$ cat protein-v3.cif   # mmCIF, C-alpha atoms
data_query
loop_
_atom_site.label_atom_id
_atom_site.label_comp_id
_atom_site.auth_asym_id
_atom_site.auth_seq_id
_atom_site.Cartn_x
_atom_site.Cartn_y
_atom_site.Cartn_z
CA MET J 19 0.00 0.00 0.00
CA ALA J 20 1.36 3.36 -1.03
CA LYS J 21 2.34 5.69 1.78
CA GLU J 22 0.12 8.75 2.14
CA PRO J 23 2.15 11.90 1.40
CA ASP J 24 3.10 14.01 4.39
CA LEU J 25 1.49 17.49 4.39
CA THR J 26 4.72 19.12 5.57
CA ASP J 27 6.65 17.55 2.71
CA LEU J 28 4.00 18.71 0.23
CA ARG J 29 4.20 22.27 1.53
CA GLN J 30 7.98 22.23 1.30
CA SER J 31 7.72 21.00 -2.30
CA ILE J 32 5.30 23.83 -3.14
CA ASP J 33 7.63 26.36 -1.48
CA THR J 34 10.52 25.04 -3.56
CA ILE J 35 8.49 25.40 -6.76
CA ASP J 36 7.42 28.93 -5.75
CA ASP J 37 11.07 29.87 -5.17
CA SER J 38 11.89 28.49 -8.62
CA LEU J 39 9.09 30.56 -10.16
CA VAL J 40 10.45 33.73 -8.56
CA LYS J 41 13.94 32.94 -9.89
CA LEU J 42 12.53 32.29 -13.36
CA PHE J 43 10.68 35.62 -13.21
CA GLU J 44 13.92 37.38 -12.22
CA GLU J 45 15.71 35.72 -15.13
CA ARG J 46 12.98 36.72 -17.59
CA MET J 47 13.06 40.36 -16.47
CA SER J 48 16.87 40.33 -16.64
CA LEU J 49 16.67 39.03 -20.21
CA ALA J 50 14.08 41.69 -21.02
CA LYS J 51 16.57 44.30 -19.83
CA THR J 52 19.34 42.80 -21.97
CA VAL J 53 17.07 42.78 -25.03
CA ALA J 54 16.01 46.39 -24.38
CA GLU J 55 19.64 47.50 -24.07
CA TYR J 56 20.48 45.78 -27.36
CA LYS J 57 17.51 47.37 -29.12
CA LYS J 58 18.37 50.80 -27.76
CA LYS J 59 22.00 50.46 -28.82
CA ASN J 60 20.96 49.40 -32.33
CA ASP J 61 18.06 51.85 -32.63
CA LEU J 62 15.39 49.14 -32.65
CA THR J 63 12.02 49.80 -31.05
CA VAL J 64 9.92 46.77 -32.02
CA LEU J 65 8.46 44.97 -29.00
CA ASP J 66 7.72 41.56 -30.47
CA SER J 67 4.94 39.37 -29.10
CA SER J 68 4.59 36.99 -32.00
CA ARG J 69 5.47 33.88 -29.93
CA GLU J 70 3.06 34.65 -27.13
CA GLN J 71 0.25 32.44 -28.37
CA GLU J 72 2.62 29.49 -28.80
CA VAL J 73 3.85 29.89 -25.20
CA ILE J 74 0.30 30.30 -23.88
CA ASP J 75 -0.86 27.18 -25.74
CA ARG J 76 2.00 25.16 -24.23
CA ALA J 77 1.15 26.37 -20.72
CA THR J 78 -2.60 25.79 -20.98
CA ALA J 79 -2.02 22.28 -22.31
CA LEU J 80 -0.52 21.38 -18.92
CA VAL J 81 -3.65 22.15 -16.88
CA SER J 82 -7.23 20.93 -16.78
CA GLU J 83 -9.79 22.55 -19.05
CA GLU J 84 -11.44 24.58 -16.27
CA LEU J 85 -8.10 26.24 -15.44
CA ARG J 86 -7.03 27.07 -18.99
CA GLY J 87 -8.67 30.49 -19.11
CA GLU J 88 -6.98 31.70 -15.93
CA THR J 89 -3.67 30.14 -16.99
CA ALA J 90 -3.79 31.95 -20.33
CA LEU J 91 -4.52 35.28 -18.61
CA PHE J 92 -1.64 34.72 -16.15
CA MET J 93 0.85 33.92 -18.92
CA ARG J 94 -0.32 36.86 -21.02
CA ALA J 95 0.01 39.21 -18.04
CA LEU J 96 3.56 37.98 -17.38
CA MET J 97 4.64 38.56 -20.96
CA SER J 98 2.88 41.91 -21.09
CA LEU J 99 4.78 42.99 -17.98
CA SER J 100 8.05 42.00 -19.66
CA ARG J 101 7.17 44.11 -22.71
CA GLU J 102 6.22 47.10 -20.58
CA TYR J 103 9.54 46.81 -18.76
CA GLN J 104 11.32 46.83 -22.13
CA ARG J 105 9.31 49.86 -23.21
CA THR J 106 10.26 51.72 -20.01
CA LEU J 107 13.94 50.95 -20.53
CA LEU J 108 13.78 51.93 -24.20
CA SER J 109 12.29 55.30 -23.28
CA GLU J 110 14.96 56.13 -20.68
CA GLY J 111 16.89 59.22 -21.63
CA GLU J 112 14.01 60.69 -23.60
CA ALA J 113 12.47 63.93 -22.48
CA PRO J 114 9.31 63.36 -20.39
CA GLU J 115 7.25 65.37 -22.86
CA GLU J 116 8.51 63.13 -25.70
CA ARG J 117 7.43 59.99 -23.86
CA ASP J 118 4.06 61.50 -23.01
CA THR J 119 3.27 62.28 -26.64
CA MET J 120 3.83 58.70 -27.80
CA LYS J 121 0.39 57.24 -28.42
CA LYS J 122 -0.25 53.68 -27.29
CA ILE J 123 -2.12 51.50 -29.77
CA ALA J 124 -3.35 47.94 -29.18
CA VAL J 125 -3.25 45.75 -32.28
CA ILE J 126 -5.55 42.81 -31.59
CA ASN J 127 -5.85 39.81 -33.88
CA GLY J 128 -8.41 37.06 -33.49
CA LEU J 129 -9.23 33.69 -34.97
CA ASN J 130 -6.64 32.03 -37.19
CA LEU J 131 -4.49 35.13 -37.63
CA ASN J 132 -1.63 33.17 -36.05
CA LEU J 133 -1.62 31.13 -39.27
CA LEU J 134 -0.86 34.08 -41.53
CA GLY J 135 1.55 33.15 -44.29
CA GLU J 136 0.37 29.54 -44.48
CA ARG J 137 -3.44 29.77 -44.34
CA GLU J 138 -5.04 30.43 -47.75
CA PRO J 139 -2.24 32.68 -49.02
CA ASP J 140 -4.29 33.48 -52.13
CA LYS J 141 -6.67 35.39 -49.85
CA TYR J 142 -4.47 36.48 -46.95
CA GLY J 143 -0.99 36.72 -48.48
CA ASN J 144 2.36 35.13 -47.63
CA GLU J 145 3.38 37.52 -44.86
CA THR J 146 3.57 35.94 -41.40
CA LEU J 147 2.02 37.58 -38.35
CA GLU J 148 5.49 38.16 -36.91
CA ALA J 149 6.63 39.96 -40.06
CA LEU J 150 3.42 41.97 -40.21
CA ASN J 151 3.74 43.04 -36.57
CA THR J 152 7.30 44.19 -37.22
CA ARG J 153 6.14 46.27 -40.19
CA ILE J 154 3.24 47.80 -38.24
CA ALA J 155 5.51 48.69 -35.31
CA ALA J 156 7.99 50.44 -37.61
CA ALA J 157 5.23 52.44 -39.31
CA ALA J 158 3.73 53.34 -35.93
CA ALA J 159 7.08 54.54 -34.57
CA ASN J 160 7.35 56.92 -37.52
CA LEU J 161 3.96 58.33 -36.53
CA GLY J 162 4.91 58.73 -32.85
CA MET J 163 3.03 55.64 -31.70
CA ASN J 164 3.87 52.52 -29.70
CA CYS J 165 2.03 49.34 -30.64
CA VAL J 166 1.29 46.43 -28.33
CA PHE J 167 0.37 43.25 -30.17
CA TYR J 168 -2.06 40.51 -29.15
CA GLN J 169 -3.48 37.42 -30.81
CA SER J 170 -5.94 34.86 -29.50
CA ASN J 171 -8.28 32.24 -30.92
CA VAL J 172 -10.49 32.41 -27.82
CA GLU J 173 -13.46 34.78 -27.70
CA GLY J 174 -13.30 35.40 -23.95
CA GLU J 175 -9.58 36.20 -24.11
CA LEU J 176 -10.20 38.76 -26.85
CA VAL J 177 -12.89 40.39 -24.70
CA THR J 178 -10.44 40.61 -21.78
CA ILE J 179 -7.70 42.05 -24.01
CA ILE J 180 -10.07 44.74 -25.32
CA GLN J 181 -11.08 45.63 -21.77
CA GLU J 182 -7.43 45.85 -20.70
CA ALA J 183 -6.81 48.27 -23.58
CA LYS J 184 -9.55 50.64 -22.43
CA ASP J 185 -7.09 53.43 -21.61
CA PHE J 186 -5.06 53.08 -24.81
CA ASP J 187 -5.15 55.83 -27.41
CA GLY J 188 -6.61 53.43 -29.93
CA ILE J 189 -7.36 49.83 -30.86
CA ILE J 190 -6.86 48.16 -34.23
CA LEU J 191 -9.01 45.04 -34.26
CA ASN J 192 -9.17 42.13 -36.67
CA ALA J 193 -11.50 39.73 -34.90
CA GLY J 194 -11.46 37.25 -37.77
CA ALA J 195 -14.68 35.25 -38.09
CA TYR J 196 -15.87 36.64 -34.72
CA THR J 197 -16.44 39.90 -36.62
CA HIS J 198 -19.64 38.49 -38.09
CA TYR J 199 -21.38 37.12 -35.01
CA SER J 200 -19.66 37.88 -31.69
CA VAL J 201 -21.95 40.10 -29.66
CA ALA J 202 -19.50 39.69 -26.75
CA ILE J 203 -16.67 41.32 -28.70
CA ARG J 204 -19.03 43.99 -30.02
CA ASP J 205 -20.08 44.84 -26.46
CA ALA J 206 -16.45 44.93 -25.28
CA VAL J 207 -15.57 47.44 -28.00
CA ALA J 208 -18.62 49.53 -27.14
CA GLY J 209 -17.72 49.42 -23.46
CA VAL J 210 -14.24 50.97 -23.69
CA LYS J 211 -13.38 54.58 -24.40
CA ALA J 212 -10.46 53.75 -26.71
CA PRO J 213 -11.53 54.34 -30.33
CA THR J 214 -11.43 51.15 -32.40
CA VAL J 215 -10.75 50.62 -36.09
CA GLU J 216 -11.90 47.31 -37.56
CA VAL J 217 -9.48 45.89 -40.12
CA HIS J 218 -9.46 42.99 -42.55
CA LEU J 219 -6.75 41.70 -44.86
CA SER J 220 -9.19 40.80 -47.62
CA ASN J 221 -12.10 42.72 -49.07
CA VAL J 222 -14.83 41.00 -47.05
CA ALA J 223 -17.57 42.74 -49.07
CA ALA J 224 -16.43 40.86 -52.16
CA ARG J 225 -16.43 37.44 -50.49
CA GLU J 226 -19.09 35.06 -49.14
CA GLU J 227 -22.39 36.66 -48.14
CA PHE J 228 -22.00 35.78 -44.45
CA ARG J 229 -18.85 37.94 -44.35
CA HIS J 230 -20.75 41.02 -45.52
CA THR J 231 -22.17 41.65 -42.05
CA SER J 232 -20.09 42.92 -39.13
CA VAL J 233 -21.68 43.12 -35.70
CA VAL J 234 -18.57 44.99 -34.50
CA ALA J 235 -18.50 47.75 -37.15
CA PRO J 236 -21.38 49.84 -35.72
CA VAL J 237 -19.35 50.55 -32.55
CA CYS J 238 -16.06 51.21 -34.36
CA LYS J 239 -14.59 54.49 -35.54
CA GLY J 240 -14.19 53.03 -39.02
CA ILE J 241 -13.23 50.05 -41.16
CA VAL J 242 -10.21 49.34 -43.38
CA ALA J 243 -10.35 46.23 -45.56
CA GLY J 244 -8.87 44.72 -48.67
CA PHE J 245 -5.31 46.04 -48.57
CA GLY J 246 -3.61 42.99 -47.08
CA GLY J 247 -1.21 43.81 -44.26
CA ASP J 248 -1.32 47.46 -45.29
CA SER J 249 -4.86 47.62 -43.88
CA TYR J 250 -3.29 47.83 -40.41
CA ILE J 251 -0.86 50.55 -41.43
CA ILE J 252 -3.64 52.57 -43.05
CA ALA J 253 -5.66 52.18 -39.83
CA LEU J 254 -2.89 53.88 -37.84
CA SER J 255 -3.76 57.15 -39.57
CA ALA J 256 -7.07 57.19 -37.70
CA PHE J 257 -5.16 57.97 -34.50
CA ILE J 258 -3.15 60.90 -35.82
CA SER J 259 -4.40 64.00 -34.02
#
$ encode --input "protein-v3.cif" --output "structure tokens"
Amino acid sequence: MAKEPDLTDLRQSIDTIDDSLVKLFEERMSLAKTVAEYKKKNDLTVLDSSREQEVIDRATALVSEELRGETALFMRALMSLSREYQRTLLSEGEAPEERDTMKKIAVINGLNLNLLGEREPDKYGNETLEALNTRIAAAAANLGMNCVFYQSNVEGELVTIIQEAKDFDGIILNAGAYTHYSVAIRDAVAGVKAPTVEVHLSNVAAREEFRHTSVVAPVCKGIVAGFGGDSYIIALSAFIS
């Protein structure tokens, strides 16, 4: 008969794991600092988040289904904190008024956008999401904007991301197929003060009939569609004061 585990031993094991988590967090923030210093030295300002969904998927696969939502939010918050730390370090040495004038834009991608470059390239092009994010960030920097990038295939996560961006200067949203039927995402956009521009890579009006309707569009500042990845860059102009 197997020996019942001792509660004291279990607590010690949990404490050991917690200590390891703290050390891992310290290492991640230290690496974020090293990356920021490299980017500053080489005049790079792109804060890449293209691997976030892959990391989140790996983490959520380790827990039961009922804990996956909270796990995803925890992992996203950790990586967002790392990016914000990089942004703070990158802005060191700038005049306070220069930092204050940099507009903060959330670029939010939904269903299947993580497959850009391999999913139906005849409709969505060959550019990967990572490459597109890099291009958007460069264009935004030239306009005095900082972009923070998100991607999720989960409706509830997209709602949470939109809510967390409520104090941003703007949101660029490609909700994918959720555009056509997600009242939850529509209500999230309506519920935040940040102006939102809906974007699409393809000209949805020229495609299947079900794509002609957007439940999100009525609560957006405008729509840009049909210009491939440039749709996002065009959308940035909506936030130029």
$ closest_residue --input "protein-v3.cif" --among "J:Ala208, J:Ala224, J:Ile252, J:Leu129" --to "Val237 of chain J" --atoms "all atoms listed in the file"
J:Ala208
$ atom_distance --input "protein-v3.cif" --atom1 "atom CA of Ala223 of chain J" --atom2 "atom CA of Ile123 of chain J"
26.2 Å
$ resolve_selection --input "protein-v3.cif" --expression "the PyMOL selection byres ((chain J and resi 135) around 6)" --output "list in words"
Leu134, Glu136, Asn144, Glu145 and Thr146 of chain J
$ atom_distance --input "protein-v3.cif" --atom1 "atom CA of Ala235 of chain J" --atom2 "atom CA of Phe92 of chain J"
29.9 Å
$ resolve_selection --input "protein-v3.cif" --expression "the PyMOL selection byres ((chain J and resi 210-218) around 8)" --output "CSV table (one decimal) with C-alpha atoms, keeping the file's coordinate frame"
chain,number,residue,atom,x,y,z
J,180,ILE,CA,-10.1,44.7,-25.3
J,181,GLN,CA,-11.1,45.6,-21.8
J,183,ALA,CA,-6.8,48.3,-23.6
J,184,LYS,CA,-9.6,50.6,-22.4
J,185,ASP,CA,-7.1,53.4,-21.6
J,186,PHE,CA,-5.1,53.1,-24.8
J,187,ASP,CA,-5.2,55.8,-27.4
J,188,GLY,CA,-6.6,53.4,-29.9
J,189,ILE,CA,-7.4,49.8,-30.9
J,190,ILE,CA,-6.9,48.2,-34.2
J,191,LEU,CA,-9.0,45.0,-34.3
J,192,ASN,CA,-9.2,42.1,-36.7
J,194,GLY,CA,-11.5,37.2,-37.8
J,206,ALA,CA,-16.4,44.9,-25.3
J,207,VAL,CA,-15.6,47.4,-28.0
J,208,ALA,CA,-18.6,49.5,-27.1
J,209,GLY,CA,-17.7,49.4,-23.5
J,219,LEU,CA,-6.8,41.7,-44.9
J,220,SER,CA,-9.2,40.8,-47.6
J,221,ASN,CA,-12.1,42.7,-49.1
J,222,VAL,CA,-14.8,41.0,-47.0
J,234,VAL,CA,-18.6,45.0,-34.5
J,235,ALA,CA,-18.5,47.8,-37.2
J,237,VAL,CA,-19.4,50.6,-32.6
J,238,CYS,CA,-16.1,51.2,-34.4
J,239,LYS,CA,-14.6,54.5,-35.5
J,240,GLY,CA,-14.2,53.0,-39.0
J,241,ILE,CA,-13.2,50.0,-41.2
J,242,VAL,CA,-10.2,49.3,-43.4
J,243,ALA,CA,-10.4,46.2,-45.6
J,244,GLY,CA,-8.9,44.7,-48.7
J,245,PHE,CA,-5.3,46.0,-48.6
J,246,GLY,CA,-3.6,43.0,-47.1
J,249,SER,CA,-4.9,47.6,-43.9
J,250,TYR,CA,-3.3,47.8,-40.4
J,253,ALA,CA,-5.7,52.2,-39.8
J,256,ALA,CA,-7.1,57.2,-37.7
$ atom_distance --input "protein-v3.cif" --atom1 "atom CA of Leu39 of chain J" --atom2 "atom CA of Glu102 of chain J"
19.8 Å
$ residues_around --input "protein-v3.cif" --residues "Tyr196 of chain J" --least-positions-apart "2" --cutoff "10 Å" --atoms "only C-alpha atoms" --output "PyMOL selection string"
chain J and resi 128-129+171-173+176+192-194+198-204+232-234
$ closest_residue --input "protein-v3.cif" --among "J:Ala149, J:Arg137, J:Gln169, J:Gln104" --to "Gln71 of chain J" --atoms "only C-alpha atoms"
J:Gln169
$ closest_residue --input "protein-v3.cif" --among "J:Ala157, J:Leu99, J:Cys165, J:Leu254" --to "Lys122 of chain J" --atoms "only C-alpha atoms"
J:Cys165
$ axis_aligned_box --input "protein-v3.cif" --around "segment 234-242 of chain J" --padding-each-side "3 Å" --output "lines of an AutoDock Vina configuration file"
center_x = -15.8
center_y = 49.7
center_z = -38.0
size_x = 17.2
size_y = 15.5
size_z = 16.8
$ residues_around --input "protein-v3.cif" --residues "Ala50 of chain J" --least-positions-apart "6" --cutoff "10 Å" --atoms "all atoms listed in the file" --output "PyMOL selection string"
chain J and resi 44+56+97+99-105+107
$ resolve_selection --input "protein-v3.cif" --expression "the PyMOL selection byres ((chain J and resi 167) around 6)" --output "list in words"
Val125, Val166 and Tyr168 of chain J
$ write_last_selection --input "protein-v3.cif" --atoms "C-alpha atoms" --output "compact mmCIF listing (two decimals), in the frame of the given file"
# COMPACT_ATOMS: atom_id res chain seq x y z
CA VAL J 125 -3.25 45.75 -32.28
CA VAL J 166 1.29 46.43 -28.33
CA TYR J 168 -2.06 40.51 -29.15
$ closest_residue --input "protein-v3.cif" --among "J:Asp140, J:Thr106, J:Leu150, J:Thr89" --to "Ala54 of chain J" --atoms "only C-alpha atoms"
J:Thr106
$ closest_residue --input "protein-v3.cif" --among "J:Ile179, J:Leu25, J:Ala159, J:Ile32" --to "Ser98 of chain J" --atoms "all atoms listed in the file"
J:Ile179
